[in-house]
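Below is query_38.cif, which holds mmCIF, C-alpha atoms.
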```cif
data_coords
loop_
_atom_site.group_PDB
_atom_site.id
_atom_site.type_symbol
_atom_site.label_atom_id
_atom_site.label_comp_id
_atom_site.auth_asym_id
_atom_site.auth_seq_id
_atom_site.Cartn_x
_atom_site.Cartn_y
_atom_site.Cartn_z
ATOM 1 C CA MET O 1 -0.892 91.887 -48.576
ATOM 2 C CA PRO O 2 -0.247 89.661 -51.553
ATOM 3 C CA ASP O 3 3.332 88.762 -52.338
ATOM 4 C CA ARG O 4 4.941 90.932 -54.952
ATOM 5 C CA ALA O 5 6.141 88.059 -57.081
ATOM 6 C CA MET O 6 8.410 88.996 -59.969
ATOM 7 C CA HIS O 7 6.003 87.426 -62.438
ATOM 8 C CA ASP O 8 2.429 86.499 -61.974
ATOM 9 C CA GLY O 9 2.208 83.707 -64.482
ATOM 10 C CA ALA O 10 3.917 81.542 -67.024
ATOM 11 C CA VAL O 11 7.029 82.771 -68.762
ATOM 12 C CA PRO O 12 6.543 83.195 -72.518
ATOM 13 C CA ASP O 13 8.588 80.805 -74.657
ATOM 14 C CA GLY O 14 10.275 79.409 -71.593
ATOM 15 C CA VAL O 15 12.828 82.213 -71.598
ATOM 16 C CA ALA O 16 13.652 83.887 -68.311
ATOM 17 C CA PRO O 17 14.736 87.531 -68.439
ATOM 18 C CA VAL O 18 18.256 88.261 -67.219
ATOM 19 C CA LYS O 19 18.253 89.739 -63.747
ATOM 20 C CA THR O 20 21.143 90.780 -61.572
ATOM 21 C CA GLN O 21 19.471 92.153 -58.531
ATOM 22 C CA ARG O 22 18.576 91.671 -54.931
ATOM 23 C CA VAL O 23 15.548 89.594 -54.133
ATOM 24 C CA ARG O 24 13.771 88.544 -50.982
ATOM 25 C CA VAL O 25 12.398 85.030 -50.618
ATOM 26 C CA ALA O 26 8.758 85.028 -49.540
ATOM 27 C CA ALA O 27 8.313 84.174 -45.870
ATOM 28 C CA ARG O 28 5.107 82.186 -46.313
ATOM 29 C CA MET O 29 4.881 78.662 -44.943
ATOM 30 C CA PRO O 30 2.424 76.738 -47.141
ATOM 31 C CA MET O 31 1.601 73.073 -46.630
ATOM 32 C CA GLY O 32 2.558 70.496 -49.203
ATOM 33 C CA HIS O 33 5.297 70.008 -51.774
ATOM 34 C CA VAL O 34 7.399 73.152 -52.011
ATOM 35 C CA ARG O 35 10.959 73.477 -53.272
ATOM 36 C CA ALA O 36 11.905 76.670 -51.437
ATOM 37 C CA PRO O 37 13.731 75.488 -48.290
ATOM 38 C CA ALA O 38 12.433 76.973 -45.037
ATOM 39 C CA TYR O 39 15.876 78.229 -43.999
ATOM 40 C CA LEU O 40 15.898 80.628 -46.982
ATOM 41 C CA ARG O 41 12.398 82.064 -46.489
ATOM 42 C CA GLY O 42 12.378 85.764 -45.697
ATOM 43 C CA LYS O 43 16.091 86.036 -46.576
ATOM 44 C CA VAL O 44 17.642 88.466 -49.054
ATOM 45 C CA GLY O 45 20.010 87.307 -51.772
ATOM 46 C CA THR O 46 21.171 88.273 -55.252
ATOM 47 C CA ILE O 47 20.354 86.577 -58.525
ATOM 48 C CA GLU O 48 23.404 84.542 -59.546
ATOM 49 C CA ARG O 49 22.002 83.483 -62.926
ATOM 50 C CA PRO O 50 18.668 82.738 -64.589
ATOM 51 C CA LEU O 51 18.140 79.070 -65.365
ATOM 52 C CA GLY O 52 15.223 79.123 -67.768
ATOM 53 C CA ALA O 53 11.698 77.944 -67.082
ATOM 54 C CA PHE O 54 10.481 74.652 -65.660
ATOM 55 C CA PRO O 55 7.071 73.189 -64.843
ATOM 56 C CA ASP O 56 5.883 74.494 -61.471
ATOM 57 C CA PRO O 57 6.787 71.711 -58.995
ATOM 58 C CA GLU O 58 4.120 72.863 -56.564
ATOM 59 C CA ARG O 59 1.479 71.793 -59.099
ATOM 60 C CA LEU O 60 3.395 69.017 -60.797
ATOM 61 C CA ALA O 61 3.632 67.160 -57.488
ATOM 62 C CA TYR O 62 -0.153 66.845 -57.383
ATOM 63 C CA GLY O 63 -0.690 65.915 -61.028
ATOM 64 C CA GLN O 64 -2.173 69.329 -61.813
ATOM 65 C CA PRO O 65 -1.428 71.279 -64.997
ATOM 66 C CA ALA O 66 1.954 72.868 -64.258
ATOM 67 C CA PRO O 67 2.746 76.059 -66.173
ATOM 68 C CA ASP O 68 6.416 76.876 -66.710
ATOM 69 C CA ARG O 69 7.904 79.145 -64.083
ATOM 70 C CA ALA O 70 11.174 81.037 -64.275
ATOM 71 C CA LEU O 71 13.865 79.508 -62.094
ATOM 72 C CA TYR O 72 16.863 81.420 -60.730
ATOM 73 C CA ARG O 73 20.001 80.643 -58.837
ATOM 74 C CA VAL O 74 20.064 83.014 -55.877
ATOM 75 C CA ARG O 75 23.166 83.616 -53.759
ATOM 76 C CA PHE O 76 22.915 84.284 -50.010
ATOM 77 C CA SER O 77 25.698 85.222 -47.622
ATOM 78 C CA MET O 78 26.115 83.138 -44.484
ATOM 79 C CA ALA O 79 25.772 86.393 -42.512
ATOM 80 C CA GLU O 80 22.313 86.917 -44.025
ATOM 81 C CA LEU O 81 21.241 83.342 -43.311
ATOM 82 C CA TRP O 82 22.662 82.816 -39.841
ATOM 83 C CA GLY O 83 23.485 86.253 -38.421
ATOM 84 C CA ASP O 84 26.026 86.302 -35.624
ATOM 85 C CA SER O 85 26.198 82.537 -35.501
ATOM 86 C CA ALA O 86 27.504 82.319 -39.076
ATOM 87 C CA GLU O 87 30.627 80.199 -39.303
ATOM 88 C CA ALA O 88 32.223 82.569 -41.861
ATOM 89 C CA PRO O 89 30.007 85.556 -42.752
ATOM 90 C CA THR O 90 31.185 85.950 -46.356
ATOM 91 C CA ASP O 91 30.820 82.298 -47.344
ATOM 92 C CA THR O 92 27.729 81.734 -49.464
ATOM 93 C CA VAL O 93 24.839 79.396 -50.203
ATOM 94 C CA ASP O 94 23.431 79.298 -53.737
ATOM 95 C CA ALA O 95 19.993 77.778 -54.226
ATOM 96 C CA GLU O 96 17.484 77.416 -57.051
ATOM 97 C CA LEU O 97 14.261 79.305 -56.446
ATOM 98 C CA TYR O 98 11.157 79.840 -58.567
ATOM 99 C CA ASP O 99 10.100 83.402 -59.329
ATOM 100 C CA THR O 100 6.811 82.808 -57.468
ATOM 101 C CA TRP O 101 8.930 82.896 -54.289
ATOM 102 C CA LEU O 102 11.005 85.955 -55.140
ATOM 103 C CA GLU O 103 10.241 89.581 -54.419
ATOM 104 C CA ARG O 104 12.299 92.134 -56.344
ATOM 105 C CA LEU O 105 14.052 94.644 -54.073
ATOM 106 C CA ASP O 106 15.749 96.973 -56.574
ATOM 107 C CA MET M 1 39.106 47.744 -30.586
ATOM 108 C CA PRO M 2 36.766 46.913 -33.459
ATOM 109 C CA HIS M 3 35.716 43.560 -32.023
ATOM 110 C CA ASP M 4 35.439 44.636 -28.434
ATOM 111 C CA HIS M 5 31.647 44.530 -28.226
ATOM 112 C CA HIS M 6 30.105 44.270 -24.819
ATOM 113 C CA ASP M 7 27.253 41.885 -25.382
ATOM 114 C CA HIS M 8 29.086 38.711 -26.356
ATOM 115 C CA ASP M 9 25.884 36.664 -26.595
ATOM 116 C CA HIS M 10 24.968 38.461 -29.808
ATOM 117 C CA LEU M 11 28.159 38.134 -31.782
ATOM 118 C CA SER M 12 28.611 36.212 -35.014
ATOM 119 C CA PRO M 13 31.606 33.855 -35.336
ATOM 120 C CA SER M 14 33.481 36.760 -36.986
ATOM 121 C CA GLY M 15 33.042 38.827 -33.833
ATOM 122 C CA HIS M 16 30.488 41.284 -35.215
ATOM 123 C CA PRO M 17 27.010 41.774 -33.768
ATOM 124 C CA TYR M 18 24.166 40.173 -35.685
ATOM 125 C CA ARG M 19 21.984 42.525 -37.612
ATOM 126 C CA SER M 20 18.353 42.002 -36.690
ATOM 127 C CA ASP M 21 16.040 40.563 -39.340
ATOM 128 C CA ASP M 22 13.574 42.893 -41.004
ATOM 129 C CA ASP M 23 10.546 40.962 -39.774
ATOM 130 C CA VAL M 24 8.233 43.935 -40.067
ATOM 131 C CA PRO M 25 5.149 44.451 -42.215
ATOM 132 C CA LEU M 26 5.555 46.184 -45.561
ATOM 133 C CA THR M 27 4.881 49.892 -45.511
ATOM 134 C CA TYR M 28 2.033 51.342 -47.543
ATOM 135 C CA TRP M 29 4.416 52.553 -50.262
ATOM 136 C CA GLN M 30 6.287 49.254 -50.439
ATOM 137 C CA GLN M 31 2.966 47.520 -51.031
ATOM 138 C CA MET M 32 2.000 50.073 -53.661
ATOM 139 C CA GLU M 33 5.338 49.602 -55.465
ATOM 140 C CA ILE M 34 4.918 45.817 -55.558
ATOM 141 C CA ALA M 35 1.296 46.080 -56.692
ATOM 142 C CA LEU M 36 2.165 48.515 -59.479
ATOM 143 C CA ARG M 37 5.157 46.460 -60.619
ATOM 144 C CA GLU M 38 3.076 43.273 -60.749
ATOM 145 C CA LEU M 39 0.331 45.008 -62.703
ATOM 146 C CA LEU M 40 2.798 46.411 -65.241
ATOM 147 C CA ILE M 41 4.253 42.938 -65.736
ATOM 148 C CA GLU M 42 0.823 41.257 -65.910
ATOM 149 C CA LYS M 43 -0.361 43.707 -68.553
ATOM 150 C CA GLY M 44 2.782 43.240 -70.606
ATOM 151 C CA VAL M 45 4.039 46.830 -70.200
ATOM 152 C CA THR M 46 7.374 45.620 -68.866
ATOM 153 C CA THR M 47 9.056 42.347 -67.917
ATOM 154 C CA PRO M 48 10.959 41.190 -64.836
ATOM 155 C CA GLU M 49 14.086 40.931 -67.028
ATOM 156 C CA GLU M 50 13.748 44.542 -68.126
ATOM 157 C CA ILE M 51 13.421 45.683 -64.512
ATOM 158 C CA ALA M 52 16.451 43.630 -63.465
ATOM 159 C CA ARG M 53 18.496 45.071 -66.355
ATOM 160 C CA GLN M 54 17.567 48.606 -65.340
ATOM 161 C CA ILE M 55 18.589 47.939 -61.734
ATOM 162 C CA ASP M 56 21.894 46.491 -62.984
ATOM 163 C CA ALA M 57 22.474 49.575 -65.131
ATOM 164 C CA MET M 58 21.842 51.854 -62.149
ATOM 165 C CA ASP M 59 24.136 49.848 -59.894
ATOM 166 C CA ALA M 60 26.861 49.831 -62.553
ATOM 167 C CA ARG M 61 27.138 53.607 -62.676
ATOM 168 C CA SER M 62 30.268 54.918 -61.045
ATOM 169 C CA PRO M 63 32.104 58.222 -60.686
ATOM 170 C CA ALA M 64 34.244 57.244 -63.726
ATOM 171 C CA ASN M 65 32.309 59.415 -66.175
ATOM 172 C CA GLY M 66 32.581 62.418 -63.901
ATOM 173 C CA ALA M 67 36.303 61.803 -63.482
ATOM 174 C CA ALA M 68 36.775 61.646 -67.266
ATOM 175 C CA LEU M 69 34.913 64.942 -67.587
ATOM 176 C CA VAL M 70 37.154 66.617 -65.008
ATOM 177 C CA ALA M 71 40.366 65.216 -66.537
ATOM 178 C CA ARG M 72 39.356 66.488 -69.968
ATOM 179 C CA ALA M 73 38.630 69.949 -68.546
ATOM 180 C CA TRP M 74 42.091 69.963 -66.977
ATOM 181 C CA THR M 75 43.760 69.278 -70.309
ATOM 182 C CA ASP M 76 41.503 71.021 -72.827
ATOM 183 C CA PRO M 77 40.839 74.732 -72.109
ATOM 184 C CA ALA M 78 38.114 75.003 -74.773
ATOM 185 C CA PHE M 79 36.303 72.033 -73.238
ATOM 186 C CA LYS M 80 36.624 73.532 -69.762
ATOM 187 C CA GLU M 81 35.065 76.736 -71.064
ATOM 188 C CA ARG M 82 32.167 74.744 -72.524
ATOM 189 C CA LEU M 83 31.776 72.718 -69.317
ATOM 190 C CA LEU M 84 31.448 75.847 -67.178
ATOM 191 C CA GLN M 85 29.103 77.389 -69.728
ATOM 192 C CA ASP M 86 26.800 74.383 -70.220
ATOM 193 C CA ALA M 87 27.809 71.233 -68.387
ATOM 194 C CA SER M 88 24.930 69.165 -69.834
ATOM 195 C CA ALA M 89 26.078 69.854 -73.404
ATOM 196 C CA ALA M 90 29.734 69.251 -72.505
ATOM 197 C CA SER M 91 28.807 65.877 -70.971
ATOM 198 C CA ARG M 92 26.941 64.886 -74.118
ATOM 199 C CA ASP M 93 30.001 65.948 -76.160
ATOM 200 C CA MET M 94 31.939 63.337 -74.212
ATOM 201 C CA GLY M 95 29.350 60.756 -75.258
ATOM 202 C CA PHE M 96 27.801 60.378 -71.797
ATOM 203 C CA ASP M 97 24.111 59.627 -71.707
ATOM 204 C CA ILE M 98 22.928 62.017 -69.046
ATOM 205 C CA GLY M 99 19.254 61.890 -69.980
ATOM 206 C CA PRO M 100 17.310 65.063 -69.240
ATOM 207 C CA LEU M 101 19.800 66.030 -66.520
ATOM 208 C CA ARG M 102 20.473 69.763 -66.244
ATOM 209 C CA LEU M 103 24.019 69.989 -65.023
ATOM 210 C CA ILE M 104 26.010 72.929 -63.665
ATOM 211 C CA ALA M 105 29.769 72.651 -63.125
ATOM 212 C CA VAL M 106 31.296 74.901 -60.456
ATOM 213 C CA GLU M 107 35.032 75.504 -60.453
ATOM 214 C CA ASN M 108 37.341 75.372 -57.463
ATOM 215 C CA THR M 109 40.104 77.979 -57.635
ATOM 216 C CA ALA M 110 42.798 79.308 -55.330
ATOM 217 C CA GLN M 111 40.126 81.588 -53.813
ATOM 218 C CA VAL M 112 36.939 79.515 -53.928
ATOM 219 C CA HIS M 113 35.932 76.049 -52.732
ATOM 220 C CA ASN M 114 32.562 74.647 -53.802
ATOM 221 C CA VAL M 115 30.521 71.963 -52.082
ATOM 222 C CA ILE M 116 27.228 70.365 -53.140
ATOM 223 C CA VAL M 117 24.267 69.432 -50.953
ATOM 224 C CA CYS M 118 20.567 68.808 -51.392
ATOM 225 C CA THR M 119 18.853 69.981 -48.216
ATOM 226 C CA LEU M 120 15.347 68.998 -49.362
ATOM 227 C CA CYS M 121 16.038 65.424 -50.446
ATOM 228 C CA SER M 122 19.094 63.832 -52.055
ATOM 229 C CA CYS M 123 19.453 65.210 -55.608
ATOM 230 C CA TYR M 124 22.755 63.984 -57.032
ATOM 231 C CA PRO M 125 24.180 63.708 -60.577
ATOM 232 C CA ARG M 126 23.804 59.913 -60.674
ATOM 233 C CA ASN M 127 24.473 59.639 -64.390
ATOM 234 C CA LEU M 128 27.973 61.029 -63.882
ATOM 235 C CA LEU M 129 28.824 59.989 -60.320
ATOM 236 C CA GLY M 130 26.796 56.805 -59.773
ATOM 237 C CA LEU M 131 24.624 56.231 -56.720
ATOM 238 C CA PRO M 132 25.096 58.772 -53.923
ATOM 239 C CA PRO M 133 26.910 57.660 -50.769
ATOM 240 C CA ASP M 134 24.684 57.132 -47.700
ATOM 241 C CA TRP M 135 26.120 60.159 -45.913
ATOM 242 C CA TYR M 136 25.002 62.429 -48.749
ATOM 243 C CA LYS M 137 21.390 61.487 -47.926
ATOM 244 C CA SER M 138 21.814 61.769 -44.156
ATOM 245 C CA ARG M 139 19.991 64.483 -42.250
ATOM 246 C CA ALA M 140 23.260 65.537 -40.610
ATOM 247 C CA TYR M 141 25.046 66.233 -43.910
ATOM 248 C CA ARG M 142 21.987 67.904 -45.454
ATOM 249 C CA SER M 143 21.277 70.213 -42.527
ATOM 250 C CA ARG M 144 24.822 71.007 -41.396
ATOM 251 C CA THR M 145 26.417 71.719 -44.782
ATOM 252 C CA VAL M 146 24.431 74.928 -45.286
ATOM 253 C CA LYS M 147 25.065 76.059 -41.700
ATOM 254 C CA GLU M 148 28.645 75.040 -40.917
ATOM 255 C CA PRO M 149 30.268 73.801 -44.133
ATOM 256 C CA ARG M 150 33.818 74.344 -42.867
ATOM 257 C CA LYS M 151 33.215 72.123 -39.866
ATOM 258 C CA VAL M 152 31.592 69.456 -42.045
ATOM 259 C CA LEU M 153 34.505 69.585 -44.499
ATOM 260 C CA SER M 154 37.031 69.339 -41.682
ATOM 261 C CA GLU M 155 35.299 66.135 -40.569
ATOM 262 C CA PHE M 156 35.967 64.831 -44.095
ATOM 263 C CA GLY M 157 39.633 65.710 -43.502
ATOM 264 C CA LEU M 158 39.532 68.901 -45.545
ATOM 265 C CA THR M 159 40.464 71.992 -43.556
ATOM 266 C CA LEU M 160 40.255 75.142 -45.643
ATOM 267 C CA PRO M 161 42.210 78.328 -44.966
ATOM 268 C CA ASP M 162 40.175 81.328 -43.743
ATOM 269 C CA GLU M 163 41.032 83.204 -46.967
ATOM 270 C CA THR M 164 39.218 80.626 -49.089
ATOM 271 C CA THR M 165 35.577 81.461 -49.772
ATOM 272 C CA VAL M 166 33.271 78.477 -49.352
ATOM 273 C CA ARG M 167 30.352 78.356 -51.749
ATOM 274 C CA VAL M 168 27.654 75.846 -50.847
ATOM 275 C CA HIS M 169 25.282 74.853 -53.650
ATOM 276 C CA ASP M 170 21.885 73.653 -52.471
ATOM 277 C CA SER M 171 20.377 71.544 -55.247
ATOM 278 C CA THR M 172 16.799 72.636 -54.506
ATOM 279 C CA ALA M 173 15.068 72.273 -57.875
ATOM 280 C CA ASP M 174 15.900 71.190 -61.412
ATOM 281 C CA MET M 175 19.702 71.521 -61.554
ATOM 282 C CA ARG M 176 22.347 69.003 -60.602
ATOM 283 C CA TYR M 177 25.900 70.004 -59.737
ATOM 284 C CA ILE M 178 29.420 68.752 -60.182
ATOM 285 C CA VAL M 179 32.505 70.397 -58.711
ATOM 286 C CA LEU M 180 35.423 70.924 -61.061
ATOM 287 C CA PRO M 181 38.305 70.532 -58.605
ATOM 288 C CA ALA M 182 41.644 72.255 -59.121
ATOM 289 C CA ARG M 183 44.245 70.188 -60.967
ATOM 290 C CA PRO M 184 46.819 68.786 -58.539
ATOM 291 C CA LYS M 185 50.355 70.114 -58.767
ATOM 292 C CA GLY M 186 53.027 67.833 -60.151
ATOM 293 C CA THR M 187 50.845 66.515 -62.988
ATOM 294 C CA ASP M 188 52.315 68.509 -65.908
ATOM 295 C CA GLY M 189 52.221 66.560 -69.124
ATOM 296 C CA TRP M 190 49.873 63.852 -67.785
ATOM 297 C CA ASP M 191 47.285 62.584 -70.236
ATOM 298 C CA PRO M 192 43.557 62.626 -69.351
ATOM 299 C CA ASP M 193 43.391 58.888 -68.553
ATOM 300 C CA ARG M 194 46.164 59.180 -65.995
ATOM 301 C CA LEU M 195 44.683 62.380 -64.545
ATOM 302 C CA ALA M 196 41.241 60.782 -64.216
ATOM 303 C CA GLU M 197 42.687 58.312 -61.725
ATOM 304 C CA LEU M 198 43.314 61.216 -59.352
ATOM 305 C CA VAL M 199 39.690 62.409 -59.472
ATOM 306 C CA THR M 200 37.746 61.017 -56.528
ATOM 307 C CA ARG M 201 33.991 61.019 -56.087
ATOM 308 C CA ASP M 202 34.283 63.286 -53.056
ATOM 309 C CA SER M 203 36.391 65.790 -54.997
ATOM 310 C CA MET M 204 33.444 66.174 -57.408
ATOM 311 C CA VAL M 205 30.959 66.636 -54.536
ATOM 312 C CA GLY M 206 33.336 69.095 -52.887
ATOM 313 C CA THR M 207 33.879 67.132 -49.683
ATOM 314 C CA GLY M 208 37.405 66.259 -50.730
ATOM 315 C CA LEU M 209 40.262 67.131 -53.055
ATOM 316 C CA PRO M 210 41.716 65.042 -55.881
ATOM 317 C CA ARG M 211 44.512 62.656 -55.004
ATOM 318 C CA THR M 212 48.004 64.054 -55.341
ATOM 319 C CA PRO M 213 50.612 62.227 -57.418
ATOM 320 C CA ALA M 214 52.527 59.727 -55.312
#
```

Whole structure, structure tokens version:
Amino acid sequence: MPDRAMHDGAVPDGVAPVKTQRVRVAARMPMGHVRAPAYLRGKVGTIERPLGAFPDPERLAYGQPAPDRALYRVRFSMAELWGDSAEAPTDTVDAELYDTWLERLD
Amino acid sequence: MPHDHHDHDHLSPSGHPYRSDDDVPLTYWQQMEIALRELLIEKGVTTPEEIARQIDAMDARSPANGAALVARAWTDPAFKERLLQDASAASRDMGFDIGPLRLIAVENTAQVHNVIVCTLCSCYPRNLLGLPPDWYKSRAYRSRTVKEPRKVLSEFGLTLPDETTVRVHDSTADMRYIVLPARPKGTDGWDPDRLAELVTRDSMVGTGLPRTPA
């Protein structure tokens, strides 16, 4: 099943829509230059703020035409990331993730 | 004992072990860098002097600009507002050349402590803080800070109460981060220059707190 990415292409005028919702990071494990850390893949977080649009690093890294992609700061709880082994379950990790990695949950 | 090394045959006159020479072949990328640099010079695109000047400029960067930013935010509420809203613009207001850097400032409060890491590489706001310390680029710091930040911070000498929420910021893409630490007590009436002396590099990465007035 294809990933339900929040957008399927470039963001018009480089403006990212405001979103305040839960998202799941895609669990895929592609080869090559990717800026979604493996420890966040498959995890659920909430959008902390939209950051605008930036050239897609997964293409930029290979000198290919890189359309702008919406970038978000997503907040994860330590409980979500590490389960029972979390040091303090309500502490958080915020990370920047491109919309191509995010699946909208609500 | 710092000088109590076991193998006394390999000690310098100062009592430290000799560091081995780097008598190893250049790596592929080192060769490529030299080849490209020589070509750019040969074709007149740049000069050795220009390269040396740029290296000097990079080495000369220090956490002073970041400290000035923090001290101003402590004394100027409107500036603090602007810094938290758009830290790139606020930095430019201060006259700092931050290039295309996209900066986010995160504020430490009585309830929240922020700490910065780049798990994927070593992204760091060099224009404001200078070159990153070696530990910032180490695998241990990068992997442990997102898993056990409180333990990492305690190893820096910073033990946080359980009631404090720790927010780790993983600099994964196009943003860079600076922590706005809380202003130390006992500094009422201090001017920004005096306050800036309390702002350490680590307090702006989140692995430490500002100095307290003596």

Practice item. Dump as a ChimeraX atom specification the residues of chain O that approach chain M to within 10 Å, counting only C-alpha atoms. Key: /O:34-39,51,53-55,57,71-78,81-82,85-98

Review point. Selected by the PyMOL selection byres ((chain M and resi 74) around 9) in the shown coordinates: which residues, as a list in words?
Key: Leu69, Val70, Ala71, Arg72, Ala73, Thr75, Asp76, Pro77, Phe79, Lys80, Leu180, Ala182, Arg183, Pro192 and Leu195 of chain M

Point to revise | Atomic separation - atom CA of Asp56 of chain M relative to atom CA of Met204 of chain M, Å | key: 23.5 Å

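Between atom CA of Pro30 of chain O and atom CA of Gln64 of chain O the separation is 17.1 Å.
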
Review point. Residues at most 10 Å from Ala61 of chain O, counting all atoms listed in the file, excluding those fewer than 4 positions away in the same chain, as a PyMOL selection string?
Key: chain O and resi 32-34+56-57+65-66

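Using all atoms listed in the file, the shortest contact distance between Leu102 of chain O and any of O:Val44, O:Pro67, O:Met29, O:Ala79 is found at O:Val44.
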
Check your understanding: Could you spell out the hits of the PyMOL selection byres ((chain O and resi 41) around 6) on the shown file, as a PyMOL selection string?
Key -> chain O and resi 25-27+38-40+42-43

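Among the candidates M:Pro181, M:Gly95, M:Pro213, M:Pro63, the residue lying nearest to Thr109 of chain M is M:Pro181 (atoms considered: only C-alpha atoms).
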
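Here atom CA of Asp59 of chain M and atom CA of Ala196 of chain M stand 20.8 Å from one another.
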